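Read the structure below first, then the notes.
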Amino acid sequence: MTAQVAFLFPGQGSQAVGMGADVYQTSTAARQVFETVDEALGISLSKICFEGPEDTLRETINAQPAIVTASLALLAAFQEALSPHSSTWSSPLVPSYTAGHSVGEYAALVVSGALDLMNMALLVRERGRLMHHEGTVCPGGMAAIIAMDVEPVQEVCLEAENLASQSTDDTNRTAHPGQGRVMVANFNAPGQIVISGEQKALNLAMGLAKERGAKRVIPLPVSGAFHSPVMQPAASGLAQVMATTPVQDARIPVISNIHATSLSDAQMIREELAQQIASPVQWTRSIEYLASAGVTVFIEIGPGQALTGMVKRIIKGVTTINISSAADIKKAAS
């Protein structure tokens, strides 16, 4: 295949009980991915993926490593299914770029060679623990704002912060860096923006967005205000963990969630992963960057189809392929 290919990996919210179970049964390579992560974590994450219960899988400390592991298992099964004699794909298929949405960036970094599987599992589980903890210290959440332009959403967030600060006394105002803060957290696609913040400020922003003409305002089932200043203490904690985690230069460029540009230097990757959890995900710009770099085939690998839908809204005329099951692999590999 001569076209430039990018691998895309989904983030939190894509998890579903049963994910990866079919490739675990049918692919030796996929089974090895799950078994390696189970060994690294000292728990049966694979059982949580396959059997749930849903409440346990949804917990941030489980959901994040589970999504990344299921995604990498699906990729392993896909690569295993490719024929060396295929007229469509090379075997193995080496992408020109990799990218992941939020925690999906960790799957992209494993594919790029920057992180190994066991260190990824430990790092992502600690990421989930830190993020969940910060959500208990400074309660907050996230909400999708549908069919509203970026600038009005940003104005709504600023107005909500002002309102929140007016009703907060001085003793509480400096208690936490996320207190009274709300901001755009995910620039997902045109007309699909996610805001994130401390609960009071978030509620104000959600109300204002409805008043200003948002088609829908949808609270997201997450345990904190991810990708906002509420997560700054968690980012500091993750930076300490990153300092002792082996990271290599990426052999395949990874698109930075923060800057929407190519990332390959090990030290820059460390900084990216630490600050990413308190910074907005620049997904629209990331896909635009890939398209401008000549990528014409986007393969989403992991549970769900959210990223495929976003790509179609951001860039017209490209090929999108979704791999979230053994049946998808059979179809894509043929």
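So you can find residues: chains in the structure tokens are A, B, ... in the order shown, residues in each start at 1, and ligands are numbered from 1 in order.
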
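Close contacts of region 151-163 of chain A, defined as residues with an atom at most 7 Å away when counting only C-alpha atoms, with chain neighbours fewer than 6 positions off set aside, comprise A:Gly180, A:Arg181, A:Val182, A:Met183, A:Val184, A:Ala201, A:Leu204, A:Ala205, A:Leu208, A:Ala209.
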
Counting only C-alpha atoms, figure out which residue out of A:Arg31, A:Thr98, A:Lys215, A:Ala108 gets nearest to Gly191 (chain A).
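Under the stated criterion, the closest residue is A:Lys215.
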
With only C-alpha atoms as the atoms that count, which of A:Gly13, A:Gly18, A:Gly100, A:Gly178 lies nearest to Phe50 (chain A)?
A:Gly18

Any chance you could list, as a PyMOL selection string, the residues in region 300-334 of chain A that come up strand (DSSP E) when DSSP is run on the backbone?
chain A and resi 300-301+319-323

Quick one: distance from CA of Leu93 (chain A) to CA of Glu39 (chain A) in Å, one decimal?
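Between CA of Leu93 (chain A) and CA of Glu39 (chain A) the gap works out to 27.3 Å.
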
Find the residues around Ile258 (chain A) up to 12 Å (only C-alpha atoms counted), leave out those fewer than 3 positions away in its own chain, and share them as a VMD selection string.
chain A and resid 99 to 102 105 185 to 187 227 254 to 255 261 to 263 268 to 269 271 to 286

Expected file: the selected residues, N, CA, C and O atoms, as a tab-separated table (two decimals), in the first residue's frame:
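The resulting file, out06.tsv, is shown below:
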chain	number	residue	atom	x	y	z
A	99	ALA	N	-1.43	8.39	16.64
A	99	ALA	CA	-2.03	9.41	17.49
A	99	ALA	C	-3.07	8.74	18.37
A	99	ALA	O	-3.67	7.73	17.99
A	100	GLY	N	-3.29	9.31	19.54
A	100	GLY	CA	-4.31	8.78	20.44
A	100	GLY	C	-5.01	9.92	21.16
A	100	GLY	O	-4.41	10.95	21.45
A	101	HIS	N	-6.29	9.72	21.43
A	101	HIS	CA	-7.09	10.74	22.10
A	101	HIS	C	-6.95	10.57	23.60
A	101	HIS	O	-7.35	9.55	24.16
A	102	SER	N	-6.31	11.55	24.27
A	102	SER	CA	-6.10	11.51	25.72
A	102	SER	C	-5.31	10.25	26.09
A	102	SER	O	-4.19	10.07	25.63
A	105	GLU	N	-3.19	8.18	23.69
A	105	GLU	CA	-1.83	8.55	23.28
A	105	GLU	C	-0.80	7.54	23.80
A	105	GLU	O	0.26	7.35	23.20
A	185	ALA	N	-11.87	21.47	27.08
A	185	ALA	CA	-10.93	20.38	27.36
A	185	ALA	C	-10.61	19.55	26.13
A	185	ALA	O	-9.50	19.04	25.99
A	186	ASN	N	-11.59	19.37	25.25
A	186	ASN	CA	-11.40	18.57	24.03
A	186	ASN	C	-11.95	19.33	22.83
A	186	ASN	O	-13.16	19.59	22.76
A	187	PHE	N	-11.07	19.67	21.91
A	187	PHE	CA	-11.50	20.22	20.62
A	187	PHE	C	-11.66	19.01	19.69
A	187	PHE	O	-10.77	18.68	18.91
A	227	HIS	N	-8.29	17.16	31.85
A	227	HIS	CA	-7.79	18.15	30.87
A	227	HIS	C	-8.19	19.57	31.22
A	227	HIS	O	-8.56	20.36	30.36
A	254	VAL	N	4.64	10.49	16.83
A	254	VAL	CA	3.36	10.52	17.55
A	254	VAL	C	2.87	11.97	17.53
A	254	VAL	O	3.66	12.90	17.70
A	255	ILE	N	1.56	12.16	17.32
A	255	ILE	CA	1.02	13.51	17.29
A	255	ILE	C	0.65	13.92	18.71
A	255	ILE	O	-0.14	13.25	19.38
A	261	THR	N	1.33	18.58	16.94
A	261	THR	CA	2.47	18.46	16.04
A	261	THR	C	3.19	17.15	16.33
A	261	THR	O	2.92	16.49	17.34
A	262	SER	N	4.12	16.81	15.47
A	262	SER	CA	4.84	15.54	15.58
A	262	SER	C	5.78	15.54	16.78
A	262	SER	O	6.46	16.53	17.07
A	263	LEU	N	5.82	14.40	17.47
A	263	LEU	CA	6.58	14.26	18.71
A	263	LEU	C	7.42	12.99	18.61
A	263	LEU	O	6.89	11.92	18.30
A	268	MET	N	10.75	15.22	25.43
A	268	MET	CA	9.52	15.94	25.08
A	268	MET	C	8.30	15.06	25.34
A	268	MET	O	7.24	15.56	25.73
A	269	ILE	N	8.46	13.75	25.14
A	269	ILE	CA	7.36	12.82	25.43
A	269	ILE	C	7.06	12.81	26.92
A	269	ILE	O	5.90	12.82	27.34
A	271	GLU	N	7.48	15.24	29.06
A	271	GLU	CA	6.80	16.49	29.38
A	271	GLU	C	5.37	16.48	28.87
A	271	GLU	O	4.45	16.95	29.55
A	272	GLU	N	5.18	15.94	27.68
A	272	GLU	CA	3.84	15.85	27.09
A	272	GLU	C	2.91	15.05	27.97
A	272	GLU	O	1.79	15.48	28.28
A	273	LEU	N	3.34	13.88	28.41
A	273	LEU	CA	2.46	12.99	29.17
A	273	LEU	C	2.12	13.57	30.53
A	273	LEU	O	1.00	13.37	31.03
A	274	ALA	N	3.06	14.28	31.14
A	274	ALA	CA	2.78	14.89	32.44
A	274	ALA	C	1.75	16.00	32.31
A	274	ALA	O	0.77	16.06	33.06
A	275	GLN	N	1.95	16.89	31.34
A	275	GLN	CA	1.07	18.06	31.22
A	275	GLN	C	-0.23	17.76	30.48
A	275	GLN	O	-1.20	18.52	30.61
A	276	GLN	N	-0.25	16.67	29.75
A	276	GLN	CA	-1.43	16.34	28.92
A	276	GLN	C	-2.72	16.27	29.74
A	276	GLN	O	-3.77	16.73	29.31
A	277	ILE	N	-2.65	15.73	30.96
A	277	ILE	CA	-3.87	15.52	31.74
A	277	ILE	C	-4.48	16.82	32.25
A	277	ILE	O	-5.64	16.84	32.66
A	278	ALA	N	-3.70	17.92	32.23
A	278	ALA	CA	-4.23	19.21	32.66
A	278	ALA	C	-4.37	20.18	31.49
A	278	ALA	O	-4.67	21.35	31.69
A	279	SER	N	-4.18	19.69	30.27
A	279	SER	CA	-4.20	20.53	29.07
A	279	SER	C	-5.29	20.07	28.10
A	279	SER	O	-5.63	18.88	28.07
A	280	PRO	N	-5.82	20.97	27.28
A	280	PRO	CA	-6.83	20.57	26.30
A	280	PRO	C	-6.28	19.61	25.25
A	280	PRO	O	-5.10	19.68	24.87
A	281	VAL	N	-7.13	18.70	24.79
A	281	VAL	CA	-6.80	17.77	23.71
A	281	VAL	C	-7.12	18.45	22.37
A	281	VAL	O	-8.29	18.71	22.07
A	282	GLN	N	-6.09	18.71	21.60
A	282	GLN	CA	-6.25	19.41	20.32
A	282	GLN	C	-6.48	18.39	19.20
A	282	GLN	O	-5.65	18.20	18.30
A	283	TRP	N	-7.63	17.71	19.25
A	283	TRP	CA	-7.86	16.61	18.31
A	283	TRP	C	-8.14	17.11	16.89
A	283	TRP	O	-7.63	16.56	15.92
A	284	THR	N	-8.94	18.16	16.76
A	284	THR	CA	-9.22	18.69	15.41
A	284	THR	C	-7.93	19.08	14.72
A	284	THR	O	-7.69	18.71	13.56
A	285	ARG	N	-7.08	19.83	15.40
A	285	ARG	CA	-5.81	20.26	14.81
A	285	ARG	C	-4.89	19.07	14.54
A	285	ARG	O	-4.12	19.08	13.57
A	286	SER	N	-4.95	18.03	15.38
A	286	SER	CA	-4.12	16.84	15.17
A	286	SER	C	-4.47	16.15	13.85
A	286	SER	O	-3.59	15.76	13.08

Just list as a count of residues only whatever in region 50-261 of chain A DSSP marks as alpha helix (DSSP H).
105

Pick out the residues sitting within 12 Å of Glu134 (chain A), and hand them over as JSON, numbers by chain; count only C-alpha atoms, and ignore anything fewer than 3 positions along from it in its own chain.
{"A": [60, 127, 128, 129, 130, 131, 137, 138, 139, 140, 141, 176, 177, 178, 179, 197, 198, 223, 224, 225, 226, 227, 228, 229, 230, 231, 232, 233, 234, 235, 236, 237, 238, 277, 278]}

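Residues within 9 Å of region 77-80 of chain A, counting only C-alpha atoms and excluding same-chain residues fewer than 3 positions away, are Val23, Tyr24, Thr26, Ser27, Thr28, Ala29, Ala30, Arg31, Leu72, Ala73, Leu74, Ser83, Ser91, Pro92, Leu93, Ile323, Ala326, Asp328, Ile329, Lys330, Ala332 and Ala333 of chain A.
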
Put those residues in a file: N, CA, C and O atoms, as a CSV table (one decimal), in the first residue's frame.
chain,number,residue,atom,x,y,z
A,23,VAL,N,-10.9,-11.3,20.3
A,23,VAL,CA,-9.5,-11.5,19.8
A,23,VAL,C,-8.6,-12.3,20.8
A,23,VAL,O,-7.7,-12.9,20.4
A,24,TYR,N,-9.0,-12.2,22.1
A,24,TYR,CA,-8.3,-13.0,23.1
A,24,TYR,C,-8.4,-14.5,22.7
A,24,TYR,O,-7.5,-15.3,22.9
A,26,THR,N,-9.2,-15.7,19.7
A,26,THR,CA,-8.8,-16.1,18.4
A,26,THR,C,-7.4,-15.8,18.0
A,26,THR,O,-6.9,-16.3,16.9
A,27,SER,N,-6.7,-15.0,18.8
A,27,SER,CA,-5.4,-14.5,18.3
A,27,SER,C,-4.3,-14.7,19.4
A,27,SER,O,-4.5,-14.2,20.6
A,28,THR,N,-3.3,-15.4,19.1
A,28,THR,CA,-2.2,-15.6,20.1
A,28,THR,C,-1.5,-14.3,20.4
A,28,THR,O,-1.2,-14.1,21.6
A,29,ALA,N,-1.3,-13.5,19.5
A,29,ALA,CA,-0.7,-12.2,19.7
A,29,ALA,C,-1.5,-11.3,20.6
A,29,ALA,O,-1.0,-10.6,21.5
A,30,ALA,N,-2.8,-11.3,20.4
A,30,ALA,CA,-3.7,-10.5,21.3
A,30,ALA,C,-3.7,-11.0,22.7
A,30,ALA,O,-3.6,-10.3,23.7
A,31,ARG,N,-3.7,-12.3,22.8
A,31,ARG,CA,-3.7,-13.0,24.2
A,31,ARG,C,-2.4,-12.6,24.9
A,31,ARG,O,-2.4,-12.3,26.1
A,72,LEU,N,-4.3,-2.2,22.0
A,72,LEU,CA,-3.1,-2.8,21.6
A,72,LEU,C,-3.3,-4.3,21.2
A,72,LEU,O,-2.6,-4.8,20.3
A,73,ALA,N,-4.2,-5.0,21.9
A,73,ALA,CA,-4.5,-6.3,21.6
A,73,ALA,C,-5.2,-6.5,20.2
A,73,ALA,O,-4.9,-7.4,19.4
A,74,LEU,N,-6.1,-5.5,20.0
A,74,LEU,CA,-6.7,-5.5,18.6
A,74,LEU,C,-5.7,-5.3,17.5
A,74,LEU,O,-5.8,-5.9,16.5
A,83,SER,N,-1.7,-10.9,5.7
A,83,SER,CA,-0.9,-11.8,4.9
A,83,SER,C,0.3,-11.2,4.3
A,83,SER,O,0.2,-10.0,3.8
A,91,SER,N,3.0,-6.3,5.5
A,91,SER,CA,2.9,-7.1,6.7
A,91,SER,C,4.3,-7.2,7.4
A,91,SER,O,5.2,-7.7,6.8
A,92,PRO,N,4.5,-6.6,8.6
A,92,PRO,CA,3.4,-5.9,9.4
A,92,PRO,C,3.2,-4.5,8.7
A,92,PRO,O,4.0,-4.0,8.0
A,93,LEU,N,2.0,-3.9,9.1
A,93,LEU,CA,1.7,-2.6,8.6
A,93,LEU,C,2.3,-1.6,9.5
A,93,LEU,O,2.0,-1.5,10.7
A,323,ILE,N,-11.4,-0.7,13.6
A,323,ILE,CA,-11.0,-2.0,14.1
A,323,ILE,C,-11.3,-2.1,15.5
A,323,ILE,O,-10.6,-1.7,16.4
A,326,ALA,N,-13.0,-8.8,16.3
A,326,ALA,CA,-12.4,-9.8,15.4
A,326,ALA,C,-13.0,-9.8,14.0
A,326,ALA,O,-12.3,-10.0,13.0
A,328,ASP,N,-14.1,-7.1,12.5
A,328,ASP,CA,-13.5,-5.9,11.8
A,328,ASP,C,-12.2,-6.3,11.3
A,328,ASP,O,-11.8,-5.8,10.2
A,329,ILE,N,-11.4,-7.0,12.0
A,329,ILE,CA,-10.1,-7.4,11.6
A,329,ILE,C,-10.1,-8.3,10.4
A,329,ILE,O,-9.4,-8.1,9.4
A,330,LYS,N,-11.0,-9.2,10.4
A,330,LYS,CA,-11.2,-10.1,9.2
A,330,LYS,C,-11.5,-9.3,7.9
A,330,LYS,O,-11.0,-9.5,6.9
A,332,ALA,N,-11.0,-6.0,7.5
A,332,ALA,CA,-9.9,-5.0,7.1
A,332,ALA,C,-8.7,-5.7,6.5
A,332,ALA,O,-8.0,-5.2,5.7
A,333,ALA,N,-8.4,-7.0,7.0
A,333,ALA,CA,-7.2,-7.7,6.6
A,333,ALA,C,-7.3,-8.4,5.3
A,333,ALA,O,-6.3,-8.7,4.6

Using only C-alpha atoms for the distances, tell me which of A:Ala6, A:Ala114, A:Ile146, A:Ile301 is nearest to Val318 (chain A).
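Checking each candidate against Val318 (chain A), we get A:Ala6 as the closest.
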
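Closest approach to Ala66 (chain A) from the set A:Ala243, A:Ala21, A:Ala121, A:Leu115 is made by A:Ala121, with distances taken over only C-alpha atoms.
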